[in-house]
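J.: First the structure, then my questions, so here it is.
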Protein chains: 2
Amino acid sequence: MSDEAPLAFARHDHSHCAADTLARAEAEAARLGLRLTPVRRRVLEILLEAHRAMGAYEVLDRLAAEGFGNQPPVAYRALEFLVENGLAHRLRRLNAFAACMHPGEDHAPVFLICRVCDAVAEAPGAPVRAALDHAAADLGFAVERVNIEAVGLCPVCARGEAA
Amino acid sequence: MSDEAPLAFARHDHSHCAADTLARAEAEAARLGLRLTPVRRRVLEILLEAHRAMGAYEVLDRLAAEGFGNQPPVAYRALEFLVENGLAHRLRRLNAFAACMHPGEDHAPVFLICRVCDAVAEAPGAPVRAALDHAAADLGFAVERVNIEAVGLCPVCARGEAA
DNA sequence: ACATGGGCGTTACCTTATAACAATTCGCTT
DNA sequence: AAGCGAATTGTTATAAGGTAACGCCCATGT
């Protein structure tokens, strides 16, 4: 796992984007009546601040350093809660987690993972999801949850490779 | 992992489908100039016979029982080879592998995983893939490899739940 | 024959993830 | 405000998944 890969390919004002997303996540949690306990909230903050995909154990290290429990279940439970409630995503290809950048928006995210710099972008995937639902319906299969992860070259690294 | 979940939802003549697929896989391997060694071939057969997603260690157990090496790398290398060359697929959501049912067809598979019976179907995903490529292109991202995995209810289990 | 490279077997180890239980806290009812 | 059930957290222990690295062997071509 690279140490400082940006979450989106575009430049952006990171302090704002993290704070804004946290605020929206909190609003969403309130709306759903979720208990955003200290551990859960802190895990979400950690993911937002890092702004990249993090392994559960990496998150755990930070929690432990801040006085929370230092055993795997502590991290896994908080992460599972966040994923379950749409405040974070799980990237199975990376065995990692990332904060959701659009909490509450009922989006169907598609993840674009750069094989060179490990950056992860959350792309809008409504059309993809629609196509998927259609393909599944043809087989009588009712889709409930989806993971769509693409590995390839991000625009930044593509320029590098072309050289 | 359930013990005997069918790969496709539809009934089918399994002995034929496994043998046919193996034949097609062999033709494809020949066409590509691949070395389908005993271990690799046997792993593919195991996956085809089981006709479901299997964990690497499960495959390894069978290999070991047949006199092949009994250490993880033996299974992982063969599985990686098969995946790399389009003769098998990796299901990240299940930490498992399944034989490709359409070797050489240049398909863009979408995997439908039933959350009740663990059956896995390989659905045609060309339209899904097209939508994905489009979404990625909007961000300047060049897709190379894709995992599309949907969890839900297969038609058989859906009838069961409705009852 | 002999060099070469790929594949295989093995050792050793690392990372990721979960089951199960005890202790605590929360939110609600009485 | 006391008390109760449910949810949450911390902890122990262990399961499950995966890989690096080395040496041997065997096929292949010279």
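We name chains A, B, ... following the order of the structure tokens; residues begin at 1 in each chain, and ligands are numbered from 1 as shown.
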Could you list the residues in chain D lying within 12 Å of chain A, using only C-alpha atoms (C1' of nucleotides), and format the result as number ranges by chain?
T.: D: 7-13, 17-18
J.: Let me see the file: selected residues, N, CA and C atoms (P, O5', C5', C4', C3', O3' and C1' of nucleotides), as a compact mmCIF listing (two decimals), in the first residue's frame.
T.:
# COMPACT_ATOMS: atom_id res chain seq x y z
P DA D 7 -30.07 -4.66 19.74
O5' DA D 7 -28.82 -3.67 19.88
C5' DA D 7 -29.06 -2.30 20.12
C4' DA D 7 -27.76 -1.62 20.46
C3' DA D 7 -26.61 -1.90 19.49
O3' DA D 7 -26.00 -0.66 19.22
C1' DA D 7 -25.94 -2.42 21.69
P DT D 8 -24.88 -0.46 18.20
O5' DT D 8 -23.58 -0.47 19.13
C5' DT D 8 -23.48 0.48 20.19
C4' DT D 8 -22.20 0.28 20.97
C3' DT D 8 -20.96 -0.02 20.12
O3' DT D 8 -20.03 1.03 20.34
C1' DT D 8 -21.08 -1.42 22.02
P DT D 9 -18.65 1.07 19.67
O5' DT D 9 -17.70 0.43 20.79
C5' DT D 9 -17.61 1.05 22.07
C4' DT D 9 -16.77 0.18 22.99
C3' DT D 9 -15.38 -0.16 22.45
O3' DT D 9 -14.41 0.37 23.33
C1' DT D 9 -16.48 -2.08 23.33
P DG D 10 -12.89 0.36 22.95
O5' DG D 10 -12.39 -0.93 23.74
C5' DG D 10 -12.46 -0.94 25.16
C4' DG D 10 -11.98 -2.28 25.68
C3' DG D 10 -10.63 -2.74 25.11
O3' DG D 10 -9.78 -3.09 26.20
C1' DG D 10 -12.27 -4.45 24.87
P DT D 11 -8.30 -3.54 25.95
O5' DT D 11 -8.43 -5.13 25.88
C5' DT D 11 -9.20 -5.79 26.88
C4' DT D 11 -9.14 -7.31 26.67
C3' DT D 11 -7.86 -7.83 26.03
O3' DT D 11 -7.29 -8.78 26.92
C1' DT D 11 -9.77 -8.73 24.95
P DT D 12 -5.90 -9.45 26.57
O5' DT D 12 -6.35 -10.91 26.12
C5' DT D 12 -7.26 -11.66 26.92
C4' DT D 12 -7.59 -12.96 26.21
C3' DT D 12 -6.39 -13.65 25.55
O3' DT D 12 -6.33 -15.00 25.99
C1' DT D 12 -8.17 -13.44 24.00
P DA D 13 -5.10 -15.93 25.63
O5' DA D 13 -5.66 -16.65 24.33
C5' DA D 13 -7.01 -17.15 24.32
C4' DA D 13 -7.39 -17.53 22.90
C3' DA D 13 -6.25 -18.22 22.14
O3' DA D 13 -6.68 -19.55 21.85
C1' DA D 13 -7.33 -16.57 20.80
P DG D 17 -10.16 -18.87 3.43
O5' DG D 17 -8.99 -17.85 3.08
C5' DG D 17 -9.27 -16.47 3.16
C4' DG D 17 -8.02 -15.71 2.79
C3' DG D 17 -7.43 -16.11 1.44
O3' DG D 17 -7.29 -14.92 0.68
C1' DG D 17 -5.75 -16.09 3.10
P DG D 18 -6.73 -15.01 -0.81
O5' DG D 18 -5.16 -14.82 -0.57
C5' DG D 18 -4.71 -13.60 0.01
C4' DG D 18 -3.21 -13.65 0.15
C3' DG D 18 -2.46 -14.01 -1.13
O3' DG D 18 -1.81 -12.83 -1.57
C1' DG D 18 -1.51 -15.03 0.82
J.: Would you kindly report the residues of chain B within 10 Å of chain A, using only C-alpha atoms, as a ChimeraX atom specification?
T.: /B:8-10,91-95,110-115,121-158
J.: Going by DSSP on the backbone, which bits of chain A are strand (DSSP E)? Write them as a list in words, please.
T.: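 Assigned to strand (DSSP E), within chain A: Ala88, His89, Arg90, Leu91, Ala96, Phe97, Ala98, Ala99, Val110, Phe111, Leu112, Ile113, Cys114, Val120, Ala121, Glu122, Ala123, Ala142, Val143, Glu144, Arg145, Val146, Asn147, Ile148, Glu149, Ala150, Val151, Gly152 and Leu153 of chain A.
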J.: Write a file of the just-selected residues containing N, CA and C atoms, as a CSV table (one decimal), in the first residue's frame.
T.:
chain,number,residue,atom,x,y,z
A,88,ALA,N,-18.7,4.5,4.3
A,88,ALA,CA,-17.4,4.1,3.8
A,88,ALA,C,-17.6,3.0,2.8
A,89,HIS,N,-16.6,2.7,2.1
A,89,HIS,CA,-16.6,1.6,1.1
A,89,HIS,C,-15.5,0.6,1.4
A,90,ARG,N,-15.7,-0.6,1.0
A,90,ARG,CA,-14.7,-1.6,1.1
A,90,ARG,C,-14.2,-1.9,-0.3
A,91,LEU,N,-12.8,-1.9,-0.4
A,91,LEU,CA,-12.2,-2.2,-1.7
A,91,LEU,C,-11.6,-3.6,-1.6
A,96,ALA,N,-8.9,-3.2,1.6
A,96,ALA,CA,-8.8,-1.9,2.2
A,96,ALA,C,-10.2,-1.2,2.2
A,97,PHE,N,-10.2,-0.1,2.9
A,97,PHE,CA,-11.4,0.7,3.1
A,97,PHE,C,-11.1,2.2,2.8
A,98,ALA,N,-12.2,2.8,2.4
A,98,ALA,CA,-12.0,4.3,2.1
A,98,ALA,C,-13.3,5.0,2.5
A,99,ALA,N,-13.2,6.2,2.9
A,99,ALA,CA,-14.4,6.9,3.3
A,99,ALA,C,-15.3,7.2,2.0
A,110,VAL,N,-18.4,3.3,-8.5
A,110,VAL,CA,-17.5,2.5,-9.3
A,110,VAL,C,-16.1,2.9,-8.9
A,111,PHE,N,-15.3,2.0,-8.5
A,111,PHE,CA,-13.9,2.4,-8.1
A,111,PHE,C,-12.9,2.2,-9.1
A,112,LEU,N,-12.1,3.2,-9.3
A,112,LEU,CA,-11.1,3.2,-10.3
A,112,LEU,C,-9.7,3.2,-9.6
A,113,ILE,N,-9.0,2.1,-9.7
A,113,ILE,CA,-7.8,2.0,-8.9
A,113,ILE,C,-6.6,2.0,-9.9
A,114,CYS,N,-5.7,3.0,-9.7
A,114,CYS,CA,-4.5,3.1,-10.5
A,114,CYS,C,-3.5,2.1,-10.1
A,120,VAL,N,-7.2,5.9,-5.7
A,120,VAL,CA,-8.5,5.3,-5.9
A,120,VAL,C,-9.5,6.5,-6.1
A,121,ALA,N,-10.3,6.4,-7.1
A,121,ALA,CA,-11.3,7.4,-7.4
A,121,ALA,C,-12.7,6.7,-7.3
A,122,GLU,N,-13.7,7.4,-6.8
A,122,GLU,CA,-15.0,6.9,-6.7
A,122,GLU,C,-15.8,7.6,-7.8
A,123,ALA,N,-16.1,6.8,-8.9
A,123,ALA,CA,-16.7,7.4,-10.0
A,123,ALA,C,-18.2,7.1,-10.0
A,142,ALA,N,-31.8,-11.2,-8.3
A,142,ALA,CA,-32.1,-9.9,-7.7
A,142,ALA,C,-30.8,-9.3,-7.0
A,143,VAL,N,-30.3,-8.3,-7.6
A,143,VAL,CA,-29.1,-7.7,-7.0
A,143,VAL,C,-29.3,-6.9,-5.8
A,144,GLU,N,-28.5,-7.1,-4.8
A,144,GLU,CA,-28.7,-6.3,-3.6
A,144,GLU,C,-27.5,-5.4,-3.3
A,145,ARG,N,-26.3,-6.0,-3.4
A,145,ARG,CA,-25.1,-5.1,-3.2
A,145,ARG,C,-24.1,-5.5,-4.3
A,146,VAL,N,-23.3,-4.5,-4.6
A,146,VAL,CA,-22.4,-4.6,-5.7
A,146,VAL,C,-21.0,-4.1,-5.4
A,147,ASN,N,-20.1,-4.7,-5.9
A,147,ASN,CA,-18.7,-4.2,-5.9
A,147,ASN,C,-18.2,-4.1,-7.4
A,148,ILE,N,-17.9,-2.9,-7.8
A,148,ILE,CA,-17.4,-2.7,-9.1
A,148,ILE,C,-16.0,-2.0,-9.0
A,149,GLU,N,-15.0,-2.7,-9.3
A,149,GLU,CA,-13.7,-2.2,-9.1
A,149,GLU,C,-12.9,-2.4,-10.4
A,150,ALA,N,-12.3,-1.3,-10.9
A,150,ALA,CA,-11.5,-1.4,-12.1
A,150,ALA,C,-10.1,-1.0,-11.8
A,151,VAL,N,-9.2,-1.8,-12.4
A,151,VAL,CA,-7.8,-1.5,-12.2
A,151,VAL,C,-7.3,-1.0,-13.6
A,152,GLY,N,-6.5,0.1,-13.6
A,152,GLY,CA,-6.0,0.6,-14.8
A,152,GLY,C,-5.0,1.7,-14.6
A,153,LEU,N,-5.0,2.7,-15.5
A,153,LEU,CA,-4.0,3.8,-15.4
A,153,LEU,C,-4.8,5.1,-15.2
J.: As an MDAnalysis selection string, please: every residue in range 19-109 of chain B that a backbone DSSP assignment puts in helix (DSSP H, G or I).
T.: chainID B and resid 19:32 38:50 56:65 72:84 92:94
J.: Which of these residues is nearest to chain A, using only C-alpha atoms (C1' of nucleotides): C:DC2, C:DA23, C:DA12, C:DA17?
T.: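 When distances to chain A are compared using only C-alpha atoms (C1' of nucleotides), the smallest one comes from C:DA17.
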J.: Within 9 Å of chain C, which residues of chain A are there when counting only C-alpha atoms (C1' of nucleotides)? Please give them as a JSON list (two decimals) with N, CA and C atoms, in the first residue's frame.
T.:
[["chain", "number", "residue", "atom", "x", "y", "z"],
["A", 55, "GLY", "N", -5.80, -0.07, 4.94],
["A", 55, "GLY", "CA", -6.06, -1.39, 5.46],
["A", 55, "GLY", "C", -6.61, -1.29, 6.88],
["A", 56, "ALA", "N", -7.32, -2.32, 7.29],
["A", 56, "ALA", "CA", -7.92, -2.31, 8.62],
["A", 56, "ALA", "C", -6.86, -2.18, 9.70],
["A", 57, "TYR", "N", -5.75, -2.82, 9.50],
["A", 57, "TYR", "CA", -4.70, -2.80, 10.52],
["A", 57, "TYR", "C", -4.00, -1.45, 10.59],
["A", 72, "PRO", "N", -7.75, -6.24, 16.53],
["A", 72, "PRO", "CA", -8.41, -6.17, 15.22],
["A", 72, "PRO", "C", -9.92, -5.93, 15.26],
["A", 73, "PRO", "N", -10.66, -6.63, 16.10],
["A", 73, "PRO", "CA", -12.11, -6.45, 16.04],
["A", 73, "PRO", "C", -12.57, -5.00, 16.23],
["A", 76, "TYR", "N", -12.24, -3.55, 12.77],
["A", 76, "TYR", "CA", -13.15, -4.21, 11.83],
["A", 76, "TYR", "C", -14.60, -3.88, 12.11],
["A", 95, "ASN", "N", -8.03, -5.15, -0.26],
["A", 95, "ASN", "CA", -8.22, -5.46, 1.15],
["A", 95, "ASN", "C", -8.14, -4.18, 1.96]]
J.: Calculate how many Å separate CA of Cys117 in chain A from CA of Arg11 in chain A, rounding to one decimal.
T.: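 Taking CA of Cys117 in chain A and CA of Arg11 in chain A, their separation equals 14.9 Å.
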J.: Show which residues sit within 8 Å of Gly86 in chain A, as a PyMOL selection string. Count only C-alpha atoms (C1' of nucleotides), and ignore same-chain residues fewer than 4 positions away.
T.: chain A and resi 82+100+103-104
J.: As an exercise, work out the distance from CA of Glu28 in chain A to CA of Arg62 in chain A in Å and give it to one decimal place.
T.: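 For CA of Glu28 in chain A relative to CA of Arg62 in chain A, the distance reads 24.8 Å.
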